[in-house]
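*Asks:* Have a look at this one before I ask anything.
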Number of protein chains: 2
Amino acid sequence: MEKALYLNEFDATLQIIQGKWKVLILYEIHESGCRRFGDLKQYIQDVSHKTLTRQLRELEQDGLLSRKVYPEVPPKVEYSLTERGRSLIPVLDLICDWGLQNVPKTQLQRVLCEED
Amino acid sequence: MEKALYLNEFDATLQIIQGKWKVLILYEIHESGCRRFGDLKQYIQDVSHKTLTRQLRELEQDGLLSRKVYPEVPPKVEYSLTERGRSLIPVLDLICDWGLQNVPKTQLQRVLCEED
DNA sequence: CGGTATCCATAGCGATACTG
DNA sequence: CAGTATCGCTATGGATACCG
């Protein structure tokens, strides 16, 4: 696997959190502590099987998630946040805040961080 | 022009700040107060003429930049941050911070927010 | 249940050339 | 000097089918 080359530190962070469903995944795991593949699939609904797999792989490779496989039949896989993953949550929160304050809710399909 | 529809407030913010050169543009204008098209082109170097134009248009349409055209020959156009644009700077700063702390500098082509 | 492989549609950006 | 138009490349993600 090649080392990624980023334009700058902003670009680096962005490439790591960027991905259609990644924030949903991170928040859901953060709130529940630990989730299985099927849980995430059901929670997000609109994500395809293959895409969810790839987003999870990328989050794992970037060191935000840890993946635990139970050697059972049928398979069981659990995802949880790493320390680095947890350190990202405040950043995501700020991004969400700004979005809520600057974009009309009518343009949002879903609201992640309701706060009145 | 259609209203954008975003997955959520995070996605909304991301779509607005996302774009290969947008942060460079925003920071440069923020630090200098005001920049012309040619200044930005020269500062960023690697950006193509057309792409710079489009990124500026999008930033303008999203209300982060204001564009002032001087009716002269040759043309003169100045870009500056709007109030909303300025409100975004702390968010960008936090994103940069996280990137600096979590990605080796050897993987960065350029560093935006040097801070020791 | 969770993962992989193949194929395809779409969006973002770049190269280039042309305009007022 | 600043902007527009056309074309092409590449990356992301979705549909589908198959595997352990």
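For the structure tokens, the naming scheme is as follows: chains receive sequential letters (A, B, ...) according to their order of presentation, residues are indexed from 1 within each chain, and ligands are indexed from 1 in presentation order.
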Could you give me, as a tab-separated table, a per-residue list for chain B showing, wherever an atom lies at most 6 Å from an atom of chain A, the closest pair of atoms and their distance in Å to one decimal, using only C-alpha atoms and sorting by chain then residue number from low to high?
*Replies:*
```
residue	atom	partner	partner_atom	distance
B:Leu5	CA	A:Gln107	CA	4.9
B:Tyr6	CA	A:Leu108	CA	5.0
B:Leu7	CA	A:Gln109	CA	5.0
B:Asn8	CA	A:Arg110	CA	4.9
B:Glu9	CA	A:Gly99	CA	4.7
B:Phe10	CA	A:Cys96	CA	4.6
B:Ala12	CA	A:Gly99	CA	5.9
B:Thr13	CA	A:Gly99	CA	5.0
B:Ile95	CA	A:Phe10	CA	5.9
B:Cys96	CA	A:Phe10	CA	4.7
B:Gly99	CA	A:Glu9	CA	4.7
B:Leu100	CA	A:Glu9	CA	5.6
B:Gln107	CA	A:Leu5	CA	4.9
B:Leu108	CA	A:Tyr6	CA	5.0
B:Gln109	CA	A:Leu7	CA	5.0
B:Arg110	CA	A:Asn8	CA	4.9
B:Val111	CA	A:Asn8	CA	5.3
```
*Asks:* DSSP on the backbone: which residues in range 14-79 of chain B end up as alpha helix (DSSP H)? Give the answer as a PyMOL selection string.
*Replies:* chain B and resi 14-17+22-32+37-44+49-61
*Asks:* Quick one: chain A onto chain B, least squares on all Cα paired in order, result as a compact mmCIF listing (two decimals) with N, CA and C atoms, in the first residue's frame?
*Replies:*
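Final output, saved to result-v6.txt:
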```
# COMPACT_ATOMS: atom_id res chain seq x y z
N MET A 1 -31.04 28.37 -10.83
CA MET A 1 -30.14 27.51 -10.04
C MET A 1 -30.93 26.72 -8.99
N GLU A 2 -30.69 25.41 -8.95
CA GLU A 2 -31.41 24.59 -7.98
C GLU A 2 -30.85 24.72 -6.58
N LYS A 3 -31.73 24.50 -5.63
CA LYS A 3 -31.29 24.44 -4.25
C LYS A 3 -30.57 23.11 -4.03
N ALA A 4 -29.47 23.17 -3.37
CA ALA A 4 -28.74 21.93 -3.09
C ALA A 4 -29.48 21.14 -2.03
N LEU A 5 -29.37 19.83 -2.11
CA LEU A 5 -29.91 18.97 -1.07
C LEU A 5 -28.76 18.19 -0.47
N TYR A 6 -28.62 18.31 0.84
CA TYR A 6 -27.49 17.68 1.50
C TYR A 6 -27.95 16.50 2.36
N LEU A 7 -27.09 15.54 2.53
CA LEU A 7 -27.39 14.38 3.36
C LEU A 7 -27.63 14.79 4.80
N ASN A 8 -26.82 15.72 5.27
CA ASN A 8 -26.93 16.19 6.66
C ASN A 8 -26.09 17.46 6.80
N GLU A 9 -26.05 18.02 7.99
CA GLU A 9 -25.35 19.30 8.16
C GLU A 9 -23.83 19.18 7.99
N PHE A 10 -23.31 18.02 8.29
CA PHE A 10 -21.89 17.79 8.06
C PHE A 10 -21.59 17.81 6.57
N ASP A 11 -22.38 17.07 5.85
CA ASP A 11 -22.26 17.00 4.40
C ASP A 11 -22.40 18.39 3.79
N ALA A 12 -23.29 19.18 4.32
CA ALA A 12 -23.51 20.54 3.81
C ALA A 12 -22.23 21.36 3.93
N THR A 13 -21.67 21.38 5.14
CA THR A 13 -20.42 22.13 5.34
C THR A 13 -19.33 21.62 4.42
N LEU A 14 -19.22 20.31 4.37
CA LEU A 14 -18.17 19.72 3.56
C LEU A 14 -18.28 20.08 2.09
N GLN A 15 -19.47 20.03 1.58
CA GLN A 15 -19.62 20.35 0.16
C GLN A 15 -19.25 21.79 -0.12
N ILE A 16 -19.41 22.64 0.89
CA ILE A 16 -19.09 24.05 0.70
C ILE A 16 -17.59 24.31 0.76
N ILE A 17 -16.88 23.63 1.65
CA ILE A 17 -15.44 23.89 1.78
C ILE A 17 -14.61 22.94 0.93
N GLN A 18 -15.28 21.96 0.36
CA GLN A 18 -14.59 20.95 -0.42
C GLN A 18 -14.32 21.46 -1.82
N GLY A 19 -13.20 21.16 -2.32
CA GLY A 19 -12.77 21.68 -3.60
C GLY A 19 -11.28 21.85 -3.46
N LYS A 20 -10.57 21.35 -4.42
CA LYS A 20 -9.13 21.18 -4.28
C LYS A 20 -8.40 22.41 -3.75
N TRP A 21 -8.84 23.60 -4.13
CA TRP A 21 -8.07 24.80 -3.77
C TRP A 21 -8.81 25.76 -2.86
N LYS A 22 -9.99 25.41 -2.42
CA LYS A 22 -10.82 26.38 -1.72
C LYS A 22 -10.23 26.89 -0.41
N VAL A 23 -9.63 26.00 0.35
CA VAL A 23 -9.06 26.44 1.63
C VAL A 23 -7.89 27.37 1.42
N LEU A 24 -7.09 27.04 0.42
CA LEU A 24 -5.96 27.91 0.07
C LEU A 24 -6.48 29.30 -0.26
N ILE A 25 -7.52 29.35 -1.06
CA ILE A 25 -8.13 30.63 -1.45
C ILE A 25 -8.63 31.38 -0.22
N LEU A 26 -9.40 30.69 0.62
CA LEU A 26 -9.98 31.34 1.79
C LEU A 26 -8.90 31.87 2.74
N TYR A 27 -7.90 31.06 3.01
CA TYR A 27 -6.84 31.50 3.91
C TYR A 27 -6.07 32.68 3.33
N GLU A 28 -5.77 32.61 2.06
CA GLU A 28 -4.99 33.69 1.45
C GLU A 28 -5.75 35.01 1.48
N ILE A 29 -7.03 34.94 1.18
CA ILE A 29 -7.84 36.17 1.22
C ILE A 29 -8.01 36.65 2.66
N HIS A 30 -8.16 35.68 3.56
CA HIS A 30 -8.32 36.04 4.97
C HIS A 30 -7.09 36.78 5.51
N GLU A 31 -5.92 36.32 5.13
CA GLU A 31 -4.70 36.92 5.65
C GLU A 31 -4.38 38.26 5.01
N SER A 32 -4.75 38.41 3.76
CA SER A 32 -4.41 39.65 3.06
C SER A 32 -5.56 40.64 3.02
N GLY A 33 -6.76 40.16 3.38
CA GLY A 33 -7.91 41.05 3.39
C GLY A 33 -8.63 41.11 2.06
N CYS A 34 -7.87 41.03 1.00
CA CYS A 34 -8.45 41.25 -0.33
C CYS A 34 -7.45 40.83 -1.41
N ARG A 35 -7.91 40.08 -2.39
CA ARG A 35 -7.01 39.61 -3.44
C ARG A 35 -7.64 39.68 -4.81
N ARG A 36 -6.82 39.91 -5.81
CA ARG A 36 -7.29 39.88 -7.19
C ARG A 36 -7.13 38.49 -7.76
N PHE A 37 -7.82 38.26 -8.86
CA PHE A 37 -7.77 36.95 -9.51
C PHE A 37 -6.32 36.54 -9.79
N GLY A 38 -5.57 37.43 -10.39
CA GLY A 38 -4.19 37.13 -10.76
C GLY A 38 -3.32 36.83 -9.55
N ASP A 39 -3.56 37.54 -8.45
CA ASP A 39 -2.81 37.28 -7.22
C ASP A 39 -2.99 35.84 -6.77
N LEU A 40 -4.26 35.41 -6.77
CA LEU A 40 -4.57 34.06 -6.30
C LEU A 40 -3.96 33.02 -7.24
N LYS A 41 -4.07 33.30 -8.51
CA LYS A 41 -3.50 32.39 -9.51
C LYS A 41 -2.01 32.20 -9.27
N GLN A 42 -1.33 33.31 -9.01
CA GLN A 42 0.11 33.25 -8.81
C GLN A 42 0.47 32.59 -7.48
N TYR A 43 -0.35 32.85 -6.48
CA TYR A 43 -0.09 32.29 -5.15
C TYR A 43 -0.23 30.78 -5.15
N ILE A 44 -1.29 30.28 -5.78
CA ILE A 44 -1.55 28.85 -5.75
C ILE A 44 -0.70 28.10 -6.77
N GLN A 45 -0.34 28.77 -7.84
CA GLN A 45 0.54 28.19 -8.86
C GLN A 45 -0.07 27.03 -9.63
N ASP A 46 -0.32 25.92 -8.96
CA ASP A 46 -0.69 24.70 -9.65
C ASP A 46 -2.12 24.67 -10.18
N VAL A 47 -2.91 25.65 -9.83
CA VAL A 47 -4.30 25.63 -10.24
C VAL A 47 -4.45 26.11 -11.69
N SER A 48 -5.36 25.48 -12.41
CA SER A 48 -5.61 25.94 -13.77
C SER A 48 -6.53 27.15 -13.75
N HIS A 49 -6.47 27.90 -14.81
CA HIS A 49 -7.25 29.11 -14.94
C HIS A 49 -8.74 28.84 -14.74
N LYS A 50 -9.22 27.87 -15.47
CA LYS A 50 -10.64 27.56 -15.43
C LYS A 50 -11.08 27.07 -14.05
N THR A 51 -10.27 26.24 -13.46
CA THR A 51 -10.63 25.69 -12.15
C THR A 51 -10.66 26.78 -11.09
N LEU A 52 -9.69 27.67 -11.12
CA LEU A 52 -9.69 28.77 -10.15
C LEU A 52 -10.97 29.59 -10.30
N THR A 53 -11.34 29.88 -11.52
CA THR A 53 -12.58 30.61 -11.76
C THR A 53 -13.78 29.90 -11.13
N ARG A 54 -13.86 28.61 -11.35
CA ARG A 54 -15.03 27.90 -10.85
C ARG A 54 -15.05 27.80 -9.34
N GLN A 55 -13.89 27.61 -8.74
CA GLN A 55 -13.85 27.53 -7.28
C GLN A 55 -14.28 28.88 -6.69
N LEU A 56 -13.84 29.96 -7.31
CA LEU A 56 -14.23 31.29 -6.83
C LEU A 56 -15.73 31.51 -6.98
N ARG A 57 -16.28 31.06 -8.11
CA ARG A 57 -17.73 31.19 -8.32
C ARG A 57 -18.52 30.43 -7.24
N GLU A 58 -18.07 29.25 -6.97
CA GLU A 58 -18.78 28.42 -5.98
C GLU A 58 -18.69 29.04 -4.59
N LEU A 59 -17.52 29.53 -4.24
CA LEU A 59 -17.37 30.19 -2.95
C LEU A 59 -18.25 31.43 -2.87
N GLU A 60 -18.38 32.10 -3.98
CA GLU A 60 -19.23 33.28 -4.03
C GLU A 60 -20.71 32.89 -3.88
N GLN A 61 -21.10 31.86 -4.62
CA GLN A 61 -22.49 31.41 -4.56
C GLN A 61 -22.87 30.86 -3.20
N ASP A 62 -21.90 30.31 -2.49
CA ASP A 62 -22.18 29.80 -1.15
C ASP A 62 -22.06 30.90 -0.10
N GLY A 63 -21.82 32.10 -0.55
CA GLY A 63 -21.85 33.25 0.35
C GLY A 63 -20.61 33.42 1.21
N LEU A 64 -19.49 32.84 0.80
CA LEU A 64 -18.26 32.98 1.58
C LEU A 64 -17.37 34.11 1.07
N LEU A 65 -17.51 34.40 -0.20
CA LEU A 65 -16.70 35.46 -0.81
C LEU A 65 -17.60 36.53 -1.41
N SER A 66 -17.11 37.77 -1.41
CA SER A 66 -17.78 38.78 -2.22
C SER A 66 -16.84 39.21 -3.33
N ARG A 67 -17.43 39.51 -4.47
CA ARG A 67 -16.66 39.76 -5.69
C ARG A 67 -16.95 41.17 -6.15
N LYS A 68 -15.89 41.95 -6.28
CA LYS A 68 -16.07 43.33 -6.70
C LYS A 68 -15.39 43.56 -8.05
N VAL A 69 -16.19 43.96 -9.02
CA VAL A 69 -15.65 44.19 -10.37
C VAL A 69 -15.47 45.68 -10.61
N TYR A 70 -14.28 46.08 -11.00
CA TYR A 70 -14.03 47.46 -11.38
C TYR A 70 -14.19 47.60 -12.89
N PRO A 71 -15.10 48.44 -13.33
CA PRO A 71 -15.37 48.58 -14.77
C PRO A 71 -14.26 49.32 -15.48
N GLU A 72 -13.11 48.65 -15.59
CA GLU A 72 -11.97 49.27 -16.24
C GLU A 72 -11.52 48.39 -17.40
N VAL A 73 -10.59 48.93 -18.19
CA VAL A 73 -9.90 48.12 -19.18
C VAL A 73 -8.41 48.31 -18.97
N PRO A 74 -7.67 47.22 -18.69
CA PRO A 74 -8.15 45.85 -18.53
C PRO A 74 -8.92 45.66 -17.25
N PRO A 75 -9.74 44.62 -17.18
CA PRO A 75 -10.61 44.38 -16.03
C PRO A 75 -9.83 44.20 -14.73
N LYS A 76 -10.50 44.53 -13.64
CA LYS A 76 -9.91 44.31 -12.32
C LYS A 76 -11.00 43.76 -11.43
N VAL A 77 -10.71 42.64 -10.78
CA VAL A 77 -11.69 42.00 -9.93
C VAL A 77 -11.07 41.70 -8.58
N GLU A 78 -11.74 42.08 -7.53
CA GLU A 78 -11.21 41.84 -6.18
C GLU A 78 -12.14 40.93 -5.38
N TYR A 79 -11.54 40.02 -4.68
CA TYR A 79 -12.29 39.09 -3.84
C TYR A 79 -11.98 39.34 -2.37
N SER A 80 -13.03 39.32 -1.55
CA SER A 80 -12.81 39.44 -0.10
C SER A 80 -13.78 38.52 0.63
N LEU A 81 -13.51 38.27 1.90
CA LEU A 81 -14.37 37.38 2.68
C LEU A 81 -15.63 38.09 3.14
N THR A 82 -16.74 37.39 3.11
CA THR A 82 -17.96 37.90 3.73
C THR A 82 -17.94 37.55 5.22
N GLU A 83 -18.94 38.01 5.92
CA GLU A 83 -19.05 37.66 7.33
C GLU A 83 -19.11 36.15 7.51
N ARG A 84 -19.90 35.54 6.68
CA ARG A 84 -20.01 34.08 6.74
C ARG A 84 -18.68 33.40 6.43
N GLY A 85 -17.97 33.96 5.49
CA GLY A 85 -16.65 33.42 5.16
C GLY A 85 -15.72 33.48 6.36
N ARG A 86 -15.76 34.61 7.06
CA ARG A 86 -14.90 34.76 8.24
C ARG A 86 -15.30 33.78 9.34
N SER A 87 -16.59 33.50 9.43
CA SER A 87 -17.05 32.58 10.48
C SER A 87 -16.55 31.16 10.26
N LEU A 88 -16.10 30.91 9.05
CA LEU A 88 -15.63 29.56 8.72
C LEU A 88 -14.18 29.33 9.12
N ILE A 89 -13.44 30.41 9.27
CA ILE A 89 -12.00 30.30 9.54
C ILE A 89 -11.67 29.44 10.77
N PRO A 90 -12.36 29.63 11.91
CA PRO A 90 -12.05 28.80 13.08
C PRO A 90 -12.28 27.32 12.82
N VAL A 91 -13.28 27.02 12.00
CA VAL A 91 -13.55 25.62 11.65
C VAL A 91 -12.39 25.07 10.84
N LEU A 92 -11.95 25.83 9.87
CA LEU A 92 -10.82 25.40 9.05
C LEU A 92 -9.57 25.21 9.91
N ASP A 93 -9.38 26.13 10.85
CA ASP A 93 -8.23 26.03 11.74
C ASP A 93 -8.21 24.71 12.51
N LEU A 94 -9.38 24.34 13.02
CA LEU A 94 -9.45 23.10 13.80
C LEU A 94 -9.15 21.89 12.91
N ILE A 95 -9.66 21.92 11.72
CA ILE A 95 -9.40 20.83 10.78
C ILE A 95 -7.90 20.73 10.48
N CYS A 96 -7.28 21.88 10.32
CA CYS A 96 -5.84 21.90 10.07
C CYS A 96 -5.07 21.37 11.27
N ASP A 97 -5.46 21.80 12.45
CA ASP A 97 -4.81 21.32 13.67
C ASP A 97 -4.80 19.80 13.73
N TRP A 98 -5.98 19.24 13.53
CA TRP A 98 -6.08 17.79 13.62
C TRP A 98 -5.17 17.12 12.59
N GLY A 99 -5.15 17.68 11.40
CA GLY A 99 -4.31 17.12 10.35
C GLY A 99 -2.84 17.16 10.73
N LEU A 100 -2.41 18.28 11.30
CA LEU A 100 -1.00 18.41 11.68
C LEU A 100 -0.63 17.42 12.76
N GLN A 101 -1.57 17.15 13.65
CA GLN A 101 -1.27 16.25 14.76
C GLN A 101 -1.39 14.78 14.39
N ASN A 102 -2.05 14.50 13.29
CA ASN A 102 -2.31 13.09 12.98
C ASN A 102 -1.74 12.59 11.66
N VAL A 103 -1.12 13.47 10.91
CA VAL A 103 -0.51 13.05 9.66
C VAL A 103 0.94 13.53 9.63
N PRO A 104 1.87 12.64 9.33
CA PRO A 104 3.29 13.03 9.26
C PRO A 104 3.51 14.13 8.23
N LYS A 105 4.32 15.11 8.58
CA LYS A 105 4.55 16.23 7.67
C LYS A 105 5.18 15.80 6.36
N THR A 106 5.84 14.66 6.40
CA THR A 106 6.47 14.18 5.17
C THR A 106 5.44 13.85 4.10
N GLN A 107 4.20 13.69 4.53
CA GLN A 107 3.15 13.38 3.56
C GLN A 107 2.42 14.63 3.09
N LEU A 108 2.87 15.78 3.55
CA LEU A 108 2.22 17.03 3.16
C LEU A 108 3.07 17.79 2.15
N GLN A 109 2.46 18.17 1.05
CA GLN A 109 3.17 18.94 0.04
C GLN A 109 3.39 20.38 0.50
N ARG A 110 2.46 20.86 1.30
CA ARG A 110 2.53 22.24 1.76
C ARG A 110 1.92 22.30 3.14
N VAL A 111 2.41 23.18 4.00
CA VAL A 111 1.81 23.34 5.33
C VAL A 111 1.17 24.70 5.42
N LEU A 112 -0.11 24.72 5.78
CA LEU A 112 -0.86 25.97 5.83
C LEU A 112 -0.70 26.69 7.16
N CYS A 113 -0.84 25.94 8.24
CA CYS A 113 -0.92 26.55 9.57
C CYS A 113 0.23 26.13 10.46
N GLU A 114 1.42 26.50 10.09
CA GLU A 114 2.58 26.19 10.92
C GLU A 114 2.38 26.78 12.31
N GLU A 115 2.57 25.94 13.32
CA GLU A 115 2.45 26.46 14.69
C GLU A 115 3.20 25.54 15.63
N ASP A 116 4.24 26.08 16.29
CA ASP A 116 5.06 25.22 17.15
C ASP A 116 4.85 25.52 18.63
```
*Asks:* Enumerate, in order of chain and increasing residue number, the residues of chain C with an atom no farther than 8 Å from chain A, each with its shortest atom pair and distance in Å to one decimal, counting only C-alpha atoms (C1' of nucleotides), as a tab-separated table.
*Replies:*
```
residue	atom	partner	partner_atom	distance
C:DC1	C1'	A:Pro75	CA	5.4
C:DG2	C1'	A:Pro75	CA	6.5
C:DG3	C1'	A:Thr53	CA	7.5
```
*Asks:* Could those selected residues go to a file with C-alpha atoms (C1' of nucleotides), as a compact mmCIF listing (two decimals), in the first residue's frame?
*Replies:*
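Output file selection_39.txt is given in full below:
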```txt
# COMPACT_ATOMS: atom_id res chain seq x y z
C1' DC C 1 -23.22 -12.66 8.16
C1' DG C 2 -19.75 -10.31 6.22
C1' DG C 3 -16.65 -9.70 2.25
```
*Asks:* Please identify all residues of chain D having at least one atom at most 10 Å from any atom of chain A, considering only C-alpha atoms (C1' of nucleotides), and return them as JSON, numbers by chain.
*Replies:* {"D": [12, 13, 14, 15, 20]}
*Asks:* Would you mind writing down, as a ChimeraX atom specification, each residue of chain A that DSSP on the backbone assigns to strand (DSSP E or B)?
*Replies:* /A:6,35-36,65-70,76-81,108
*Asks:* Report as an MDAnalysis selection string all protein, DNA and RNA residues lying within 12 Å of DG8 in chain D, evaluated on only C-alpha atoms (C1' of nucleotides), omitting residues in the same chain fewer than 5 positions from it.
*Replies:* chainID C and resid 13:16
*Asks:* Write to file, as an mmCIF file, in the first residue's frame, the residues of the selection just made, with N, CA, C and O atoms (P, O5', C5', C4', C3', O3' and C1' of nucleotides).
*Replies:*
```cif
data_model
loop_
_atom_site.group_PDB
_atom_site.id
_atom_site.type_symbol
_atom_site.label_atom_id
_atom_site.label_comp_id
_atom_site.auth_asym_id
_atom_site.auth_seq_id
_atom_site.Cartn_x
_atom_site.Cartn_y
_atom_site.Cartn_z
ATOM 1 P P DC C 13 -12.851 20.061 -7.455
ATOM 2 O "O5'" DC C 13 -11.749 19.975 -8.588
ATOM 3 C "C5'" DC C 13 -10.764 18.941 -8.511
ATOM 4 C "C4'" DC C 13 -10.059 18.817 -9.832
ATOM 5 C "C3'" DC C 13 -9.453 20.110 -10.375
ATOM 6 O "O3'" DC C 13 -8.043 19.963 -10.410
ATOM 7 C "C1'" DC C 13 -10.549 18.850 -12.069
ATOM 8 P P DG C 14 -7.090 21.127 -10.917
ATOM 9 O "O5'" DG C 14 -6.732 20.638 -12.398
ATOM 10 C "C5'" DG C 14 -6.094 19.382 -12.577
ATOM 11 C "C4'" DG C 14 -5.756 19.175 -14.040
ATOM 12 C "C3'" DG C 14 -5.085 20.377 -14.721
ATOM 13 O "O3'" DG C 14 -4.016 19.907 -15.532
ATOM 14 C "C1'" DG C 14 -7.067 19.796 -15.881
ATOM 15 P P DA C 15 -3.026 20.939 -16.265
ATOM 16 O "O5'" DA C 15 -3.411 20.815 -17.813
ATOM 17 C "C5'" DA C 15 -3.755 19.556 -18.379
ATOM 18 C "C4'" DA C 15 -3.892 19.700 -19.886
ATOM 19 C "C3'" DA C 15 -3.148 20.890 -20.499
ATOM 20 O "O3'" DA C 15 -2.648 20.520 -21.771
ATOM 21 C "C1'" DA C 15 -5.490 21.158 -20.799
ATOM 22 P P DT C 16 -1.759 21.588 -22.607
ATOM 23 O "O5'" DT C 16 -2.802 22.270 -23.577
ATOM 24 C "C5'" DT C 16 -3.775 21.470 -24.260
ATOM 25 C "C4'" DT C 16 -4.821 22.367 -24.892
ATOM 26 C "C3'" DT C 16 -4.281 23.697 -25.436
ATOM 27 O "O3'" DT C 16 -4.384 23.694 -26.857
ATOM 28 C "C1'" DT C 16 -6.361 23.946 -24.297
#
```
*Asks:* Provide the C1' of DT6 in chain D to C1' of DC8 in chain C distance in Å, to one decimal place.
*Replies:* 23.9 Å
*Asks:* Quick one, how far is C1' of DA11 in chain D from C1' of DC7 in chain C?
*Replies:* 15.3 Å
*Asks:* Using C1' of DT6 in chain C and C1' of DC9 in chain D as the two end points, give the distance in Å to one decimal.
*Replies:*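 C1' of DT6 in chain C sits 20.9 Å away from C1' of DC9 in chain D.
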